[in-house]
Amino acid sequence: AYERFIDSTVLSHNFIFYPSMFNLEPAGGSHLISNPNAELAIYSDWADICLPYYRGFTPPYRLSVVNTVITTLNGYTTIQTDDGWTVTFDSWLYSGNEYTFTLNIYSSTGGAQLQMSSNFYPTTTYWGSISAVR
């Protein structure tokens with residue numbers, strides 16, 4: 001029953017990813033997220049994002065927060081996998097740099113892994129869980 005709930009939540013395009021940990025790829029240290037406002041909320045055709053993020057072209061990278069509404073989810077796709085779902089989309093956010101969001105969702109646990117990548121900044125990976133929008 002829980003797997004069916006997660007599957008229908010993902011297919012509704014109305015869910016929230018709550019990250020609990022993140023790190024800089026490929027070998028950055030892991031950091032706990034204690035901010036209760038950190039999330040990626042997906043709605044029918046838009047998203048609300050508030051996530052810590054590493055910026056910079058070379059080390060030392062700077063920690064900042066992406067906090068914006070994404071009004072256009074370019075190339076939004078939902079693909080079923082053996083473990084659950086992969087949701088991807090692109091956005092320019094508020095810069096001249098395109099960001100790719102890849103969210104792997106595990107139906108049996110509700111756990112998820114998000115990767116936010118761009119051409120100019122290192123990939124940041126987040127671990128957490130998803131929940132239906134209430």
# chains A, B, ... in the order shown; residues from 1 in each chain; ligands from 1

call {"tool": "closest_atom_pairs", "arguments": {"of": "stretch 58-77 of chain A", "to": "stretch 1-17 of chain A", "cutoff": "12 Å", "atoms": "only C-alpha atoms", "output": "Markdown table"}}
result
| residue | atom | partner | partner_atom | distance |
| --- | --- | --- | --- | --- |
| A:Leu73 | CA | A:His13 | CA | 11.5 |
| A:Tyr76 | CA | A:His13 | CA | 10.0 |
| A:Thr77 | CA | A:His13 | CA | 10.3 |

call {"tool": "select_by_dssp", "arguments": {"residues": "stretch 11-130 of chain A", "states": "strand (DSSP E or B)", "output": "NGL selection string"}}
result
:A and (15-24 or 30-32 or 39-42 or 47-55 or 62-70 or 74-80 or 84-91 or 99-106 or 111-118 or 124-130)

call {"tool": "atom_distance", "arguments": {"atom1": "atom CA of A:Val65", "atom2": "atom CA of A:Ile49"}}
result
9.4 Å

call {"tool": "select_by_dssp", "arguments": {"residues": "chain A", "states": "helix (DSSP H, G or I)", "output": "MDAnalysis selection string"}}
result
chainID A and resid 2:11

call {"tool": "write_last_selection", "arguments": {"atoms": "all heavy atoms", "output": "PDB file, in the first residue's frame"}}
result
ATOM      1  N   TYR A   2       1.994   1.229   0.749  1.00  0.00           N
ATOM      2  CA  TYR A   2       2.867   2.403   0.798  1.00  0.00           C
ATOM      3  C   TYR A   2       3.496   2.663  -0.570  1.00  0.00           C
ATOM      4  O   TYR A   2       3.593   3.819  -1.006  1.00  0.00           O
ATOM      5  CB  TYR A   2       3.943   2.228   1.873  1.00  0.00           C
ATOM      6  CG  TYR A   2       4.796   3.460   2.043  1.00  0.00           C
ATOM      7  CD1 TYR A   2       4.285   4.595   2.672  1.00  0.00           C
ATOM      8  CD2 TYR A   2       6.089   3.512   1.546  1.00  0.00           C
ATOM      9  CE1 TYR A   2       5.053   5.742   2.812  1.00  0.00           C
ATOM     10  CE2 TYR A   2       6.862   4.652   1.687  1.00  0.00           C
ATOM     11  CZ  TYR A   2       6.335   5.761   2.318  1.00  0.00           C
ATOM     12  OH  TYR A   2       7.093   6.892   2.452  1.00  0.00           O
ATOM     13  N   GLU A   3       3.928   1.604  -1.253  1.00  0.00           N
ATOM     14  CA  GLU A   3       4.518   1.785  -2.579  1.00  0.00           C
ATOM     15  C   GLU A   3       3.515   2.396  -3.557  1.00  0.00           C
ATOM     16  O   GLU A   3       3.870   3.266  -4.350  1.00  0.00           O
ATOM     17  CB  GLU A   3       5.038   0.452  -3.119  1.00  0.00           C
ATOM     18  CG  GLU A   3       6.305  -0.010  -2.423  1.00  0.00           C
ATOM     19  CD  GLU A   3       6.885  -1.267  -3.037  1.00  0.00           C
ATOM     20  OE1 GLU A   3       6.711  -1.489  -4.255  1.00  0.00           O
ATOM     21  OE2 GLU A   3       7.514  -2.031  -2.298  1.00  0.00           O
ATOM     22  N   ARG A   4       2.282   1.952  -3.503  1.00  0.00           N
ATOM     23  CA  ARG A   4       1.236   2.533  -4.360  1.00  0.00           C
ATOM     24  C   ARG A   4       1.027   4.012  -4.024  1.00  0.00           C
ATOM     25  O   ARG A   4       0.801   4.836  -4.905  1.00  0.00           O
ATOM     26  CB  ARG A   4      -0.066   1.746  -4.235  1.00  0.00           C
ATOM     27  CG  ARG A   4      -0.012   0.403  -4.937  1.00  0.00           C
ATOM     28  CD  ARG A   4      -1.385  -0.242  -5.052  1.00  0.00           C
ATOM     29  NE  ARG A   4      -2.076  -0.387  -3.780  1.00  0.00           N
ATOM     30  CZ  ARG A   4      -1.923  -1.399  -2.932  1.00  0.00           C
ATOM     31  NH1 ARG A   4      -1.078  -2.372  -3.233  1.00  0.00           N
ATOM     32  NH2 ARG A   4      -2.600  -1.447  -1.804  1.00  0.00           N
ATOM     33  N   PHE A   5       1.086   4.350  -2.733  1.00  0.00           N
ATOM     34  CA  PHE A   5       0.945   5.741  -2.317  1.00  0.00           C
ATOM     35  C   PHE A   5       2.084   6.597  -2.890  1.00  0.00           C
ATOM     36  O   PHE A   5       1.846   7.677  -3.437  1.00  0.00           O
ATOM     37  CB  PHE A   5       0.924   5.841  -0.789  1.00  0.00           C
ATOM     38  CG  PHE A   5       1.065   7.240  -0.276  1.00  0.00           C
ATOM     39  CD1 PHE A   5       0.028   8.152  -0.380  1.00  0.00           C
ATOM     40  CD2 PHE A   5       2.269   7.665   0.284  1.00  0.00           C
ATOM     41  CE1 PHE A   5       0.161   9.447   0.079  1.00  0.00           C
ATOM     42  CE2 PHE A   5       2.413   8.957   0.745  1.00  0.00           C
ATOM     43  CZ  PHE A   5       1.359   9.848   0.641  1.00  0.00           C
ATOM     44  N   ILE A   6       3.318   6.125  -2.775  1.00  0.00           N
ATOM     45  CA  ILE A   6       4.467   6.869  -3.318  1.00  0.00           C
ATOM     46  C   ILE A   6       4.333   6.981  -4.828  1.00  0.00           C
ATOM     47  O   ILE A   6       4.546   8.059  -5.402  1.00  0.00           O
ATOM     48  CB  ILE A   6       5.802   6.202  -2.924  1.00  0.00           C
ATOM     49  CG1 ILE A   6       6.037   6.323  -1.409  1.00  0.00           C
ATOM     50  CG2 ILE A   6       6.974   6.807  -3.695  1.00  0.00           C
ATOM     51  CD1 ILE A   6       6.217   7.742  -0.902  1.00  0.00           C
ATOM     52  N   ASP A   7       3.977   5.897  -5.499  1.00  0.00           N
ATOM     53  CA  ASP A   7       3.825   5.931  -6.956  1.00  0.00           C
ATOM     54  C   ASP A   7       2.781   6.960  -7.381  1.00  0.00           C
ATOM     55  O   ASP A   7       3.016   7.761  -8.285  1.00  0.00           O
ATOM     56  CB  ASP A   7       3.435   4.547  -7.483  1.00  0.00           C
ATOM     57  CG  ASP A   7       4.556   3.520  -7.342  1.00  0.00           C
ATOM     58  OD1 ASP A   7       5.706   3.915  -7.050  1.00  0.00           O
ATOM     59  OD2 ASP A   7       4.272   2.323  -7.512  1.00  0.00           O
ATOM     60  N   SER A   8       1.634   6.960  -6.735  1.00  0.00           N
ATOM     61  CA  SER A   8       0.592   7.924  -7.110  1.00  0.00           C
ATOM     62  C   SER A   8       1.000   9.350  -6.763  1.00  0.00           C
ATOM     63  O   SER A   8       0.656  10.289  -7.481  1.00  0.00           O
ATOM     64  CB  SER A   8      -0.743   7.565  -6.460  1.00  0.00           C
ATOM     65  OG  SER A   8      -0.672   7.688  -5.065  1.00  0.00           O
ATOM     66  N   THR A   9       1.755   9.529  -5.685  1.00  0.00           N
ATOM     67  CA  THR A   9       2.252  10.862  -5.312  1.00  0.00           C
ATOM     68  C   THR A   9       3.189  11.404  -6.383  1.00  0.00           C
ATOM     69  O   THR A   9       3.075  12.558  -6.804  1.00  0.00           O
ATOM     70  CB  THR A   9       2.957  10.813  -3.946  1.00  0.00           C
ATOM     71  OG1 THR A   9       2.023  10.387  -2.955  1.00  0.00           O
ATOM     72  CG2 THR A   9       3.530  12.160  -3.566  1.00  0.00           C
ATOM     73  N   VAL A  10       4.109  10.570  -6.844  1.00  0.00           N
ATOM     74  CA  VAL A  10       5.059  10.999  -7.877  1.00  0.00           C
ATOM     75  C   VAL A  10       4.318  11.315  -9.177  1.00  0.00           C
ATOM     76  O   VAL A  10       4.575  12.333  -9.822  1.00  0.00           O
ATOM     77  CB  VAL A  10       6.146   9.925  -8.104  1.00  0.00           C
ATOM     78  CG1 VAL A  10       7.006  10.272  -9.312  1.00  0.00           C
ATOM     79  CG2 VAL A  10       7.011   9.768  -6.860  1.00  0.00           C
ATOM     80  N   LEU A  11       3.382  10.469  -9.552  1.00  0.00           N
ATOM     81  CA  LEU A  11       2.654  10.674 -10.806  1.00  0.00           C
ATOM     82  C   LEU A  11       1.717  11.877 -10.752  1.00  0.00           C
ATOM     83  O   LEU A  11       1.360  12.440 -11.789  1.00  0.00           O
ATOM     84  CB  LEU A  11       1.881   9.413 -11.177  1.00  0.00           C
ATOM     85  CG  LEU A  11       2.757   8.233 -11.594  1.00  0.00           C
ATOM     86  CD1 LEU A  11       1.915   6.988 -11.797  1.00  0.00           C
ATOM     87  CD2 LEU A  11       3.547   8.572 -12.847  1.00  0.00           C
TER      88      LEU A  11
END

call {"tool": "closest_atom_pairs", "arguments": {"of": "stretch 50-69 of chain A", "to": "stretch 97-110 of chain A", "cutoff": "12 Å", "atoms": "only C-alpha atoms", "output": "JSON lines"}}
result
{"residue": "A:Tyr53", "atom": "CA", "partner": "A:Tyr99", "partner_atom": "CA", "distance": 11.8}
{"residue": "A:Arg55", "atom": "CA", "partner": "A:Asn97", "partner_atom": "CA", "distance": 11.8}
{"residue": "A:Val66", "atom": "CA", "partner": "A:Tyr99", "partner_atom": "CA", "distance": 11.3}

call {"tool": "residues_around", "arguments": {"residues": "A:Pro59", "least_positions_apart": "4", "cutoff": "12 Å", "atoms": "only C-alpha atoms", "output": "JSON, numbers by chain"}}
result
{"A": [24, 28, 54, 55, 63, 121, 122]}

call {"tool": "closest_residue", "arguments": {"among": "A:Ala38, A:Val87, A:Ala112, A:Leu93", "to": "A:Thr71", "atoms": "only C-alpha atoms"}}
result
A:Leu93

call {"tool": "atom_distance", "arguments": {"atom1": "atom CA of A:Val69", "atom2": "atom CA of A:Ser131"}}
result
18.8 Å

call {"tool": "residues_around", "arguments": {"residues": "A:Ser30", "least_positions_apart": "6", "cutoff": "10 Å", "atoms": "only C-alpha atoms", "output": "ChimeraX atom specification"}}
result
/A:21-24,125-126

call {"tool": "write_last_selection", "arguments": {"atoms": "C-alpha atoms", "output": "tab-separated table (two decimals), in the first residue's frame"}}
result
chain	number	residue	atom	x	y	z
A	21	MET	CA	21.96	15.69	4.13
A	22	PHE	CA	24.01	16.98	1.18
A	23	ASN	CA	27.52	16.98	-0.20
A	24	LEU	CA	29.63	18.35	-3.03
A	125	THR	CA	23.83	15.67	-4.10
A	126	TYR	CA	21.06	15.63	-1.49

call {"tool": "atom_distance", "arguments": {"atom1": "atom CA of A:Leu32", "atom2": "atom CA of A:Thr123"}}
result
16.9 Å

call {"tool": "residues_around", "arguments": {"residues": "A:Pro19", "least_positions_apart": "5", "cutoff": "12 Å", "atoms": "only C-alpha atoms", "output": "VMD selection string"}}
result
chain A and resid 31 to 41 49 to 52 103 111 to 115 124 to 131
